[in-house]
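Shown here: run_9.csv, CSV, C-alpha atoms and all ligand atoms.
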chain,number,residue,atom,x,y,z
A,136,MET,CA,131.5,98.6,108.7
A,137,HIS,CA,130.4,100.8,105.8
A,138,ASN,CA,132.4,98.7,103.4
A,139,LEU,CA,130.2,95.7,104.0
A,140,LYS,CA,128.1,94.7,101.0
A,141,ILE,CA,125.6,92.0,100.6
A,142,ASP,CA,126.0,89.3,98.0
A,143,ALA,CA,123.5,90.2,95.3
A,144,GLU,CA,123.8,86.9,93.5
A,145,ARG,CA,123.3,84.9,96.7
A,146,LEU,CA,120.2,87.0,97.6
A,147,TRP,CA,118.8,86.7,94.1
A,148,GLY,CA,119.3,82.9,94.2
A,149,THR,CA,117.2,82.6,97.4
A,150,ILE,CA,114.4,84.7,95.9
A,151,MET,CA,114.4,82.4,92.8
A,152,GLU,CA,114.6,79.3,94.9
A,153,THR,CA,111.6,80.2,97.1
A,154,GLY,CA,109.8,81.4,93.9
A,155,GLN,CA,109.7,77.7,93.0
A,156,ILE,CA,107.5,76.9,96.0
A,157,GLY,CA,104.0,77.6,94.6
A,158,GLY,CA,105.6,78.9,91.4
A,159,THR,CA,103.1,79.4,88.5
A,160,GLU,CA,103.5,79.0,84.8
A,161,LYS,CA,103.5,82.7,84.3
A,162,GLY,CA,106.4,83.2,86.6
A,163,GLY,CA,104.4,84.3,89.6
A,164,VAL,CA,103.8,82.6,93.0
A,165,ARG,CA,100.6,81.2,94.5
A,166,ARG,CA,101.4,80.5,98.2
A,167,LEU,CA,98.5,81.3,100.3
A,168,THR,CA,99.0,81.6,104.1
A,169,LEU,CA,98.8,78.4,106.2
A,170,THR,CA,98.6,76.1,103.2
A,171,ASP,CA,101.0,73.2,102.5
A,172,LEU,CA,103.0,75.5,100.2
A,173,ASP,CA,103.3,78.0,103.0
A,174,ARG,CA,104.6,75.2,105.3
A,175,GLN,CA,107.1,74.3,102.6
A,176,VAL,CA,108.5,77.8,102.4
A,177,ARG,CA,108.6,78.1,106.1
A,178,ASP,CA,110.6,74.9,106.4
A,179,TRP,CA,113.0,76.2,103.8
A,180,PHE,CA,113.4,79.5,105.7
A,181,TRP,CA,113.8,77.6,109.0
A,182,ASN,CA,116.6,75.4,107.6
A,183,ALA,CA,118.3,78.3,105.9
A,184,CYS,CA,118.3,80.4,109.1
A,185,GLU,CA,119.6,77.5,111.2
A,186,ASP,CA,122.3,76.8,108.6
A,187,ALA,CA,123.3,80.5,109.0
A,188,GLY,CA,123.7,80.0,112.8
A,189,CYS,CA,120.4,81.5,113.9
A,190,SER,CA,118.0,80.1,116.5
A,191,VAL,CA,114.4,80.0,115.2
A,192,THR,CA,111.4,80.7,117.4
A,193,ILE,CA,107.8,80.2,116.4
A,194,ASP,CA,105.2,82.1,118.3
A,195,GLU,CA,101.6,81.2,118.9
A,196,MET,CA,100.5,83.0,115.7
A,197,GLY,CA,103.0,81.2,113.6
A,198,ASN,CA,105.3,84.2,113.3
A,199,MET,CA,108.9,83.0,112.7
A,200,PHE,CA,111.9,84.8,114.3
A,201,ALA,CA,115.4,83.8,113.3
A,202,ARG,CA,117.8,85.3,115.9
A,203,ARG,CA,121.5,86.1,115.5
A,204,PRO,CA,122.9,86.8,118.9
A,205,GLY,CA,124.7,90.1,119.5
A,206,ARG,CA,127.4,91.0,122.1
A,207,ASP,CA,124.8,92.1,124.6
A,208,ASN,CA,121.8,89.8,124.4
A,209,SER,CA,120.0,91.6,127.2
A,210,LEU,CA,119.2,94.3,124.6
A,211,PRO,CA,116.0,94.0,122.7
A,212,PRO,CA,116.6,92.8,119.2
A,213,ILE,CA,116.9,95.0,116.1
A,214,MET,CA,114.3,93.3,113.9
A,215,VAL,CA,114.0,93.1,110.1
A,216,GLY,CA,111.5,91.2,108.1
A,217,SER,CA,108.3,91.0,106.1
A,218,HIS,CA,106.2,88.0,104.9
A,219,LEU,CA,106.5,84.9,102.8
A,220,ASP,CA,102.8,84.4,102.0
A,221,THR,CA,101.5,85.6,98.6
A,222,GLN,CA,98.3,86.6,96.9
A,223,PRO,CA,96.5,83.9,94.9
A,224,SER,CA,98.2,85.2,91.8
A,225,GLY,CA,101.1,87.0,93.4
A,226,GLY,CA,104.7,87.6,92.5
A,227,LYS,CA,108.1,86.4,93.7
A,228,PHE,CA,109.1,89.7,95.5
A,229,ASP,CA,106.2,91.1,97.5
A,230,GLY,CA,107.2,90.4,101.1
A,231,VAL,CA,109.8,87.8,100.1
A,232,LEU,CA,112.4,90.4,99.4
A,233,GLY,CA,112.2,91.8,102.9
A,234,VAL,CA,112.5,88.4,104.6
A,235,LEU,CA,115.3,87.1,102.4
A,236,SER,CA,117.2,90.3,102.6
A,237,GLY,CA,117.2,89.7,106.4
A,238,LEU,CA,118.6,86.3,105.8
A,239,GLU,CA,121.2,87.8,103.4
A,240,LEU,CA,122.1,90.4,106.1
A,241,VAL,CA,122.8,87.5,108.6
A,242,ARG,CA,124.9,85.6,106.0
A,243,THR,CA,126.9,88.8,105.2
A,244,LEU,CA,127.6,89.5,108.8
A,245,ASN,CA,128.6,85.9,109.3
A,246,ALA,CA,131.0,86.0,106.4
A,247,ALA,CA,132.6,89.2,107.7
A,248,GLY,CA,132.7,87.9,111.3
A,249,TYR,CA,130.8,91.0,112.3
A,250,GLU,CA,129.4,91.1,115.8
A,251,THR,CA,126.5,93.5,116.4
A,252,THR,CA,125.9,94.9,119.9
A,253,ALA,CA,122.2,94.0,119.9
A,254,PRO,CA,120.8,90.7,118.7
A,255,ILE,CA,119.3,90.7,115.2
A,256,GLU,CA,116.1,88.9,114.4
A,257,VAL,CA,114.6,88.2,111.0
A,258,ALA,CA,110.8,87.9,111.0
A,259,ASN,CA,108.4,86.1,108.7
A,260,TRP,CA,105.0,87.4,109.7
A,261,THR,CA,102.0,85.1,109.2
A,262,ASN,CA,99.1,86.0,106.9
A,263,GLU,CA,100.2,89.5,105.8
A,264,GLU,CA,98.2,89.3,102.6
A,265,GLY,CA,94.8,88.7,104.1
A,266,SER,CA,93.5,87.1,100.9
A,267,ARG,CA,92.8,83.8,102.6
A,268,PHE,CA,92.0,85.0,106.1
A,269,SER,CA,90.8,88.6,106.3
A,270,PRO,CA,92.0,91.0,107.8
A,271,ALA,CA,95.5,91.4,106.4
A,272,MET,CA,98.6,91.7,108.6
A,273,VAL,CA,96.7,90.0,111.4
A,274,ALA,CA,99.7,88.3,113.0
A,275,SER,CA,101.9,91.4,113.2
A,276,GLY,CA,98.7,93.0,114.5
A,277,VAL,CA,98.4,90.5,117.3
A,278,PHE,CA,102.2,91.0,118.0
A,279,ALA,CA,101.5,94.8,118.3
A,280,GLY,CA,98.4,94.3,120.5
A,281,VAL,CA,96.0,95.6,117.8
A,282,PHE,CA,94.1,92.3,117.5
A,283,ASP,CA,93.3,89.6,120.0
A,284,ARG,CA,95.0,86.2,119.4
A,285,ASP,CA,91.7,84.2,119.7
A,286,TYR,CA,90.0,86.6,117.3
A,287,ALA,CA,92.7,85.7,114.8
A,288,TYR,CA,92.4,81.9,115.5
A,289,GLY,CA,88.7,82.2,114.7
A,290,LEU,CA,89.0,83.8,111.3
A,291,GLN,CA,87.6,81.6,108.5
A,292,ASP,CA,88.5,81.1,104.9
A,293,ARG,CA,86.0,80.6,102.2
A,294,GLU,CA,85.8,76.8,102.9
A,295,GLY,CA,85.1,77.5,106.6
A,296,LEU,CA,88.5,76.4,107.8
A,297,THR,CA,89.8,78.4,110.7
A,298,PHE,CA,93.1,80.2,111.0
A,299,GLY,CA,93.8,78.4,114.3
A,300,ALA,CA,93.1,74.9,112.9
A,301,GLU,CA,95.1,75.5,109.7
A,302,LEU,CA,98.0,76.9,111.8
A,303,ARG,CA,98.0,73.7,113.9
A,304,ARG,CA,97.6,71.5,110.8
A,305,ILE,CA,100.8,72.8,109.2
A,306,GLY,CA,102.6,72.5,112.5
A,307,PHE,CA,103.4,76.1,113.0
A,308,GLN,CA,101.5,77.0,116.2
A,309,GLY,CA,104.5,77.7,118.4
A,310,GLU,CA,104.8,78.0,122.1
A,311,ALA,CA,106.2,81.5,122.4
A,312,LYS,CA,103.7,84.2,123.3
A,313,CYS,CA,102.9,86.5,120.4
A,314,GLY,CA,104.2,90.0,121.2
A,315,GLY,CA,104.5,91.5,124.6
A,316,ARG,CA,108.3,91.9,124.2
A,317,PRO,CA,110.3,95.0,123.3
A,318,LEU,CA,112.2,95.5,120.0
A,319,SER,CA,115.0,98.0,119.7
A,320,ALA,CA,113.8,98.9,116.2
A,321,TYR,CA,112.1,97.4,113.2
A,322,PHE,CA,113.2,97.9,109.5
A,323,GLU,CA,111.2,96.4,106.6
A,324,LEU,CA,112.4,96.4,103.0
A,325,HIS,CA,109.6,96.0,100.5
A,326,ILE,CA,108.9,96.6,96.8
A,327,GLU,CA,107.1,99.8,96.2
A,328,GLN,CA,104.1,98.2,94.5
A,329,GLY,CA,103.6,101.5,92.7
A,330,PRO,CA,105.1,103.4,89.8
A,331,ILE,CA,106.8,106.4,91.4
A,332,LEU,CA,110.4,105.3,92.0
A,333,GLU,CA,110.7,103.8,88.5
A,334,ALA,CA,109.2,106.9,86.9
A,335,GLU,CA,111.7,109.1,88.7
A,336,ASP,CA,114.6,106.7,88.2
A,337,LYS,CA,115.2,106.4,92.0
A,338,ARG,CA,116.7,103.2,93.4
A,339,ILE,CA,115.5,103.7,97.0
A,340,GLY,CA,112.3,105.0,98.5
A,341,VAL,CA,112.7,106.4,102.1
A,342,VAL,CA,109.2,105.7,103.5
A,343,THR,CA,108.2,108.5,105.8
A,344,HIS,CA,104.5,107.7,106.3
A,345,ALA,CA,101.9,105.1,105.5
A,346,GLN,CA,98.5,106.3,104.4
A,347,GLY,CA,95.5,106.2,106.6
A,348,THR,CA,92.5,104.5,105.2
A,349,ARG,CA,88.8,104.9,105.7
A,350,TRP,CA,86.2,102.5,104.3
A,351,TYR,CA,82.6,103.3,103.7
A,352,ASN,CA,79.4,101.7,102.6
A,353,VAL,CA,77.0,104.1,100.9
A,354,LYS,CA,73.4,103.4,100.1
A,355,VAL,CA,71.6,105.7,97.6
A,356,THR,CA,67.8,105.3,97.7
A,357,GLY,CA,65.5,106.7,95.0
A,358,PHE,CA,62.4,105.3,93.4
A,359,GLU,CA,62.1,102.5,90.9
A,360,SER,CA,60.0,103.4,87.9
A,361,HIS,CA,59.4,102.8,84.2
A,362,ALA,CA,62.2,103.9,81.9
A,363,GLY,CA,59.8,104.7,79.1
A,364,THR,CA,57.1,106.6,80.9
A,365,THR,CA,58.7,108.5,83.8
A,366,PRO,CA,59.6,112.1,82.6
A,367,MET,CA,63.2,113.1,83.3
A,368,PRO,CA,62.4,115.9,85.8
A,369,MET,CA,60.2,113.5,87.8
A,370,ARG,CA,62.7,110.8,88.3
A,371,ARG,CA,64.5,109.9,91.5
A,372,ASP,CA,67.3,107.9,89.8
A,373,ALA,CA,69.6,106.4,92.5
A,374,LEU,CA,72.2,105.4,89.9
A,375,VAL,CA,72.5,109.0,88.5
A,376,GLY,CA,72.9,110.2,92.1
A,377,ALA,CA,75.6,107.6,92.6
A,378,ALA,CA,77.4,108.6,89.4
A,379,LEU,CA,77.4,112.3,90.5
A,380,LEU,CA,78.8,111.2,93.9
A,381,ILE,CA,81.5,109.1,92.3
A,382,ALA,CA,82.6,112.0,90.1
A,383,GLU,CA,82.6,114.2,93.2
A,384,LEU,CA,84.8,111.7,95.2
A,385,ASP,CA,87.3,111.7,92.3
A,386,ALA,CA,87.4,115.5,92.5
A,387,ILE,CA,87.8,115.5,96.2
A,388,ALA,CA,90.9,113.3,96.0
A,389,LEU,CA,92.3,115.5,93.1
A,390,ARG,CA,91.9,118.6,95.3
A,391,HIS,CA,94.3,117.0,97.8
A,392,ALA,CA,96.8,115.7,95.2
A,393,PRO,CA,99.1,114.0,95.1
A,394,ALA,CA,98.8,112.0,98.3
A,395,ALA,CA,95.1,111.7,98.5
A,396,MET,CA,93.3,108.7,96.9
A,397,SER,CA,89.6,108.0,96.5
A,398,THR,CA,88.2,104.8,95.0
A,399,VAL,CA,84.8,103.4,94.4
A,400,GLY,CA,85.5,99.7,93.7
A,401,VAL,CA,82.1,98.1,94.1
A,402,ILE,CA,78.7,99.2,92.9
A,403,ASP,CA,75.4,97.4,92.8
A,404,ALA,CA,72.3,98.8,91.3
A,405,GLN,CA,68.8,97.4,92.0
A,406,PRO,CA,66.6,96.1,90.6
A,407,GLY,CA,69.1,95.7,87.7
A,408,SER,CA,66.8,95.8,84.7
A,409,ILE,CA,67.4,97.7,81.4
A,410,ASN,CA,64.1,99.4,81.4
A,411,VAL,CA,63.7,100.2,85.1
A,412,ILE,CA,65.2,103.3,86.8
A,413,ALA,CA,67.4,102.2,89.6
A,414,GLY,CA,65.7,102.6,93.0
A,415,GLU,CA,68.6,101.6,95.2
A,416,VAL,CA,72.4,101.7,94.7
A,417,SER,CA,75.0,100.4,97.1
A,418,LEU,CA,78.6,101.4,96.6
A,419,THR,CA,81.9,101.2,98.5
A,420,VAL,CA,84.3,104.1,99.1
A,421,ASP,CA,88.0,103.9,100.0
A,422,LEU,CA,89.6,107.2,101.0
A,423,ARG,CA,93.4,107.4,101.8
A,424,HIS,CA,95.8,110.1,102.9
A,425,PRO,CA,98.9,110.2,105.2
A,426,GLU,CA,97.4,112.8,107.5
A,427,ASP,CA,94.3,112.5,109.7
A,428,ALA,CA,93.4,116.2,109.3
A,429,VAL,CA,93.2,115.8,105.5
A,430,LEU,CA,91.2,112.6,105.8
A,431,ASP,CA,88.7,114.6,108.1
A,432,ALA,CA,88.5,117.3,105.4
A,433,MET,CA,87.9,114.7,102.7
A,434,ASP,CA,85.3,113.0,104.8
A,435,ALA,CA,83.5,116.3,105.4
A,436,ALA,CA,83.6,117.2,101.6
A,437,PHE,CA,82.2,113.7,100.8
A,438,ARG,CA,79.4,114.1,103.2
A,439,SER,CA,78.4,117.6,102.1
A,440,ALA,CA,78.5,116.5,98.4
A,441,ALA,CA,76.2,113.6,99.3
A,442,GLU,CA,73.8,115.9,101.0
A,443,ARG,CA,73.8,118.4,98.1
A,444,ILE,CA,73.2,115.6,95.5
A,445,GLY,CA,70.6,114.0,97.7
A,446,LYS,CA,68.7,117.3,97.9
A,447,GLU,CA,69.0,118.2,94.2
A,448,ARG,CA,68.0,114.7,93.0
A,449,ARG,CA,65.5,113.9,95.8
A,450,LEU,CA,67.5,110.9,97.0
A,451,ASP,CA,68.3,109.6,100.4
A,452,ILE,CA,72.0,109.0,100.7
A,453,ALA,CA,73.2,107.1,103.8
A,454,ILE,CA,76.9,106.9,104.5
A,455,GLU,CA,78.4,104.3,106.9
A,456,ASN,CA,82.1,104.6,107.8
A,457,PHE,CA,82.7,101.0,108.9
A,458,TRP,CA,86.6,101.0,109.1
A,459,LYS,CA,89.3,103.5,110.0
A,460,ASN,CA,92.9,102.7,109.8
A,461,PRO,CA,94.9,105.7,111.1
A,462,PRO,CA,97.9,107.1,109.2
A,463,THR,CA,101.3,106.1,110.3
A,464,ALA,CA,104.3,108.4,110.7
A,465,PHE,CA,107.4,106.3,110.9
A,466,ASP,CA,110.0,107.0,113.5
A,467,GLY,CA,112.0,110.1,112.6
A,468,ALA,CA,115.4,108.8,113.7
A,469,CYS,CA,114.9,105.5,111.9
A,470,VAL,CA,113.7,107.3,108.7
A,471,ASP,CA,116.8,109.5,108.9
A,472,ILE,CA,119.0,106.5,109.2
A,473,VAL,CA,117.5,104.9,106.1
A,474,ARG,CA,117.9,108.2,104.2
A,475,GLN,CA,121.5,108.5,105.2
A,476,ALA,CA,122.2,104.8,104.4
A,477,ALA,CA,120.9,105.4,100.9
A,478,GLU,CA,122.9,108.5,100.5
A,479,ALA,CA,126.1,106.9,101.9
A,480,ALA,CA,125.7,103.9,99.6
A,481,GLY,CA,125.3,106.3,96.6
A,482,TYR,CA,121.8,105.3,95.6
A,483,ALA,CA,119.4,107.8,94.1
A,484,HIS,CA,116.6,108.1,96.6
A,485,ARG,CA,113.5,110.1,97.5
A,486,ASP,CA,111.0,110.3,100.4
A,487,ILE,CA,107.8,108.4,99.7
A,488,ILE,CA,104.5,107.5,101.3
A,489,SER,CA,103.3,103.9,101.4
A,490,GLY,CA,99.9,103.6,99.9
A,491,ALA,CA,99.6,99.9,100.9
A,492,GLY,CA,99.4,98.3,104.3
A,493,HIS,CA,102.4,96.5,105.7
A,494,ASP,CA,103.4,94.7,108.8
A,495,ALA,CA,105.6,97.7,109.6
A,496,VAL,CA,102.5,99.8,110.1
A,497,TYR,CA,101.4,97.7,113.1
A,498,ILE,CA,105.0,97.3,114.4
A,499,ALA,CA,105.4,101.1,114.3
A,500,ARG,CA,102.9,101.2,117.2
A,501,ILE,CA,105.3,99.4,119.6
A,502,ALA,CA,108.8,100.0,118.3
A,503,PRO,CA,110.8,102.6,116.4
A,504,THR,CA,110.1,101.6,112.8
A,505,ALA,CA,111.0,102.5,109.2
A,506,MET,CA,110.5,101.1,105.8
A,507,ILE,CA,112.7,101.0,102.6
A,508,PHE,CA,111.1,100.7,99.2
A,509,VAL,CA,112.7,99.6,95.9
A,510,PRO,CA,111.1,100.1,92.5
A,511,CYS,CA,109.2,97.4,90.8
A,512,GLU,CA,108.7,97.1,87.0
A,513,LYS,CA,105.8,99.4,85.9
A,514,GLY,CA,104.6,99.6,89.5
A,515,ILE,CA,102.9,96.2,89.0
A,516,SER,CA,102.3,94.0,92.1
A,517,HIS,CA,99.8,91.5,93.3
A,518,ASN,CA,100.3,90.1,89.9
A,519,GLU,CA,102.2,87.1,88.5
A,520,THR,CA,104.2,89.5,86.3
A,521,GLU,CA,105.5,91.5,89.3
A,522,ASN,CA,109.2,92.0,88.6
A,523,ILE,CA,112.3,93.8,90.0
A,524,GLY,CA,115.9,94.0,88.8
A,525,ILE,CA,118.7,92.3,90.7
A,526,ALA,CA,120.3,95.8,91.2
A,527,ASP,CA,117.1,96.9,93.0
A,528,ALA,CA,117.2,93.9,95.3
A,529,GLU,CA,120.9,94.5,95.9
A,530,ALA,CA,120.3,98.2,96.7
A,531,GLY,CA,117.4,97.6,99.0
A,532,ALA,CA,119.3,94.9,101.0
A,533,ASN,CA,122.4,97.0,101.2
A,534,VAL,CA,120.4,100.0,102.6
A,535,LEU,CA,118.6,97.6,105.0
A,536,MET,CA,122.0,96.3,106.3
A,537,ARG,CA,123.5,99.8,106.6
A,538,ALA,CA,120.4,101.0,108.5
A,539,VAL,CA,120.5,98.1,110.9
A,540,LEU,CA,124.3,98.5,111.5
A,541,GLU,CA,123.9,102.2,112.0
A,542,TYR,CA,121.1,101.7,114.5
A,543,ASP,CA,123.2,99.1,116.3
A,544,ARG,CA,126.2,101.5,116.4
A,545,ARG,CA,124.0,104.1,118.1
A,546,LEU,CA,122.8,101.5,120.6
A,547,ALA,CA,126.4,100.7,121.4
A,548,GLU,CA,127.2,104.3,121.9
A,549,ARG,CA,124.2,104.8,124.2
A,550,GLU,CA,125.3,101.7,126.1
A,551,SER,CA,128.9,102.9,126.6
A,552,ARG,CA,127.7,106.2,127.8
A,553,SER,CA,125.4,104.8,130.5
A,601,ZN,ZN,103.7,92.7,101.0
The structure given in the file should be rewritten as C-alpha cells.
Amino acid sequence: MHNLKIDAERLWGTIMETGQIGGTEKGGVRRLTLTDLDRQVRDWFWNACEDAGCSVTIDEMGNMFARRPGRDNSLPPIMVGSHLDTQPSGGKFDGVLGVLSGLELVRTLNAAGYETTAPIEVANWTNEEGSRFSPAMVASGVFAGVFDRDYAYGLQDREGLTFGAELRRIGFQGEAKCGGRPLSAYFELHIEQGPILEAEDKRIGVVTHAQGTRWYNVKVTGFESHAGTTPMPMRRDALVGAALLIAELDAIALRHAPAAMSTVGVIDAQPGSINVIAGEVSLTVDLRHPEDAVLDAMDAAFRSAAERIGKERRLDIAIENFWKNPPTAFDGACVDIVRQAAEAAGYAHRDIISGAGHDAVYIARIAPTAMIFVPCEKGISHNETENIGIADAEAGANVLMRAVLEYDRRLAERESRS
C-alpha cells in the first residue's frame, strides 16, 4: 500500500482544466458559488467522478459527495474534500486542490485495484468562500449542525437573490438530507494561503489547530470642534483615541506572538472634514489565536487599554464583541497519521496552525478531522496570481492518500478484532 503514488500530471491536468471554468485573463478564476460557472464545474466534477466509478449524491444544500464503495459499506465513509467555488478574483488552487486530490485518490486506487475497507467519499462543499452569500462555509456548517438549513436558504447576495433560489436555479438542490450521518474521518488538503511553509522550505504543513476568531465593533465618541481654535489640551479627539487603541491592539498581538493576530480593517471618522476634530470614530477589530485562554487574555488587555485611553483622552469607548468563532484542535490521531504520512513519504514537514477558516473546522465538530497544507507562492491567495508548484500538489495528494489508507487500515484492524 505504501508504494502507491498519485499521478501528478493527471492531477495537475484536472486543476488546469477546471481553471478554465471561470478562468480570468490574469490566470485566476472567478467562479462564485451557485452561478452558472459553479454549475459548470459541478457538472464537470460529477462526470469525472462517475467516470471513475463513483456514485454521486447531492444533498439539500448542494453539497456533492462522490462515493467509492469499500469492502464493508456499513462503515461510515472516510471523507476527503474541500470546495470548488472561488473568490471574485480567486486562484486556481484554493479549495480546488483538495477536491481534485480526492478525485485523484479514487483514480489511483482504481488503477491499482485497491479495495479499502470503508467507503471513501470525495466532498465538494457549497459556498465555502462566503463572498457571494455570507457567512462562509455555510453548507459544511449545516452538515455539522452549526447552521440551520432554512437560515442558509434565506441568505441573500447583493442583488437580493437568495441562496435557496439560486441553488434550485442551477439544479443542485438535492434530495439527500444535509448532515445527520456519521463519518469515520475527514481529511482536507488545502493550500496554506500564508508564507510560512515556503519561507521554511517545507513541503507539507501538518495542521494541528485552526485559530479562533473574535470580531468587534468599536465606537469612540469624543467631541467635534474647530481644528483651528480648540487648544490641544482641551480636545476630545476621537480619532487620536482610535489611533492609540489601534497601536495598542498591535502591541497586544505582538505580546502573544507568533500565533496571535490583531487587525483593524475598517475605520470611519465623522464628520470627516479636514478642519473639524473627529467627534465619532467607528472601527472593526479582528482578534485571532488557536487557544481560547489566550483570546480571553487578549480581549481583557484590549478592554483595559480602551478604558485607560478613554480616561486619559476623555473619550467614551464602547466595545461590542458581535461574533466568536472558537478555536479548533484537530483530532490527535488524525493529525498523527498526517505527520507520519508526510514522514514516510519523505517530505519535509512542520506543524502549523490554520489562520483561515475551512470546511474542516466545522466537520471537526462531528468527526475525527485533520488538514494538510502545501505551500503557495509568496503566501498569496484570494488573488488571481495564487500559484503552487506541481511538486507541491503531488506531495499534498500523496500525503492525503497515505493518511486515508492508514486510517482505513486502522479501521480494518479494529473491525477484525471485534
Ligand atoms: Zn479555501
Checklist entry - Counting only C-alpha atoms and all ligand atoms, which of A:Gln155, A:Asn259, A:Thr170, A:Ser553 gets nearest to ligand ZN 601 (chain A)? => result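 Under the stated criterion, the closest residue is A:Asn259.
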Next on the checklist: What does the list of residues within 12 Å of ligand ZN 601 (chain A) look like if you count all atoms listed in the file, written as JSON, numbers by chain?
Outcome noted: {"A": [216, 217, 218, 219, 220, 221, 222, 225, 226, 227, 228, 229, 230, 231, 232, 233, 234, 259, 260, 261, 262, 263, 264, 265, 266, 271, 272, 323, 324, 325, 326, 327, 328, 489, 490, 491, 492, 493, 494, 495, 496, 506, 508, 516, 517, 518, 521]}
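Among the candidate residues A:Gly414, A:Pro393, A:Gly407, A:Gly376, the one lying nearest to Gly445 (chain A) is A:Gly376, with distances computed using all atoms listed in the file.
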Checklist entry - Do you know which residues are at most 8 Å from Leu318 (chain A) counting all atoms listed in the file, after dropping those on the same chain fewer than 4 positions away, and could you put them as a ChimeraX atom specification? => result /A:211-214,501-502
Checklist entry - Of the residues A:Pro503, A:Pro368, A:Gly481, A:Gly197, which is the one nearest to Gly467 (chain A), using all atoms listed in the file? => result A:Pro503
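One distance worth recording is that between CA of Phe322 (chain A) and CA of Thr504 (chain A), which is 5.8 Å.
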Checklist entry - Which residue gives the smallest distance to Val355 (chain A) among A:Val342, A:Val273, A:Leu450, A:Ile472, with all atoms listed in the file counted? => result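 Among the listed residues, the smallest separation from Val355 (chain A) belongs to A:Leu450.
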Next on the checklist: So the first atom is CA of Ala432 (chain A) and the second is CA of Val281 (chain A); what is the distance between them in Å, to one decimal place?
Outcome noted: 26.1 Å
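For the atom pair formed by CA of Gly154 (chain A) and CA of Asp178 (chain A), the distance is 14.1 Å, given to one decimal.
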Item to check | Residue nearest Glu478 (chain A) - candidates A:Val534, A:Leu422, A:Val176, A:Val353, atoms counted: all atoms listed in the file | outcome: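 Checking each of A:Val534, A:Leu422, A:Val176, A:Val353 against Glu478 (chain A), counting all atoms listed in the file, the winner is A:Val534.
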Output region 226-239 of chain A with N, CA, C and O atoms present, as a short mmCIF file (atom, residue, chain, number, x, y, z; two decimals), in the coordinates of the input.
data_model
loop_
_atom_site.label_atom_id
_atom_site.label_comp_id
_atom_site.auth_asym_id
_atom_site.auth_seq_id
_atom_site.Cartn_x
_atom_site.Cartn_y
_atom_site.Cartn_z
N GLY A 226 103.37 87.64 93.08
CA GLY A 226 104.70 87.60 92.50
C GLY A 226 105.74 87.04 93.39
O GLY A 226 105.44 86.59 94.49
N LYS A 227 106.98 87.06 92.92
CA LYS A 227 108.10 86.40 93.70
C LYS A 227 108.69 87.39 94.70
O LYS A 227 109.54 86.97 95.48
N PHE A 228 108.31 88.66 94.71
CA PHE A 228 109.10 89.70 95.50
C PHE A 228 108.30 90.31 96.62
O PHE A 228 108.91 90.71 97.61
N ASP A 229 107.01 90.45 96.48
CA ASP A 229 106.20 91.10 97.50
C ASP A 229 106.36 90.34 98.82
O ASP A 229 105.94 89.19 98.92
N GLY A 230 106.96 90.98 99.80
CA GLY A 230 107.20 90.40 101.10
C GLY A 230 108.44 89.54 101.15
O GLY A 230 109.27 89.69 102.04
N VAL A 231 108.62 88.69 100.14
CA VAL A 231 109.80 87.80 100.10
C VAL A 231 111.08 88.55 100.14
O VAL A 231 112.02 88.16 100.86
N LEU A 232 111.13 89.64 99.40
CA LEU A 232 112.40 90.40 99.40
C LEU A 232 112.79 90.88 100.78
O LEU A 232 113.98 90.81 101.13
N GLY A 233 111.83 91.30 101.58
CA GLY A 233 112.20 91.80 102.90
C GLY A 233 112.66 90.70 103.84
O GLY A 233 113.57 90.92 104.64
N VAL A 234 112.05 89.51 103.74
CA VAL A 234 112.50 88.40 104.60
C VAL A 234 113.85 87.90 104.17
O VAL A 234 114.76 87.72 104.99
N LEU A 235 114.00 87.68 102.87
CA LEU A 235 115.30 87.10 102.40
C LEU A 235 116.42 88.06 102.46
O LEU A 235 117.58 87.64 102.59
N SER A 236 116.14 89.36 102.42
CA SER A 236 117.20 90.30 102.60
C SER A 236 117.68 90.28 104.08
O SER A 236 118.85 90.57 104.37
N GLY A 237 116.78 89.91 104.98
CA GLY A 237 117.20 89.70 106.40
C GLY A 237 118.11 88.51 106.50
O GLY A 237 119.14 88.58 107.19
N LEU A 238 117.76 87.43 105.82
CA LEU A 238 118.60 86.30 105.80
C LEU A 238 119.99 86.62 105.18
O LEU A 238 121.05 86.23 105.70
N GLU A 239 119.95 87.39 104.10
CA GLU A 239 121.20 87.80 103.40
C GLU A 239 122.03 88.69 104.35
O GLU A 239 123.27 88.58 104.36
#
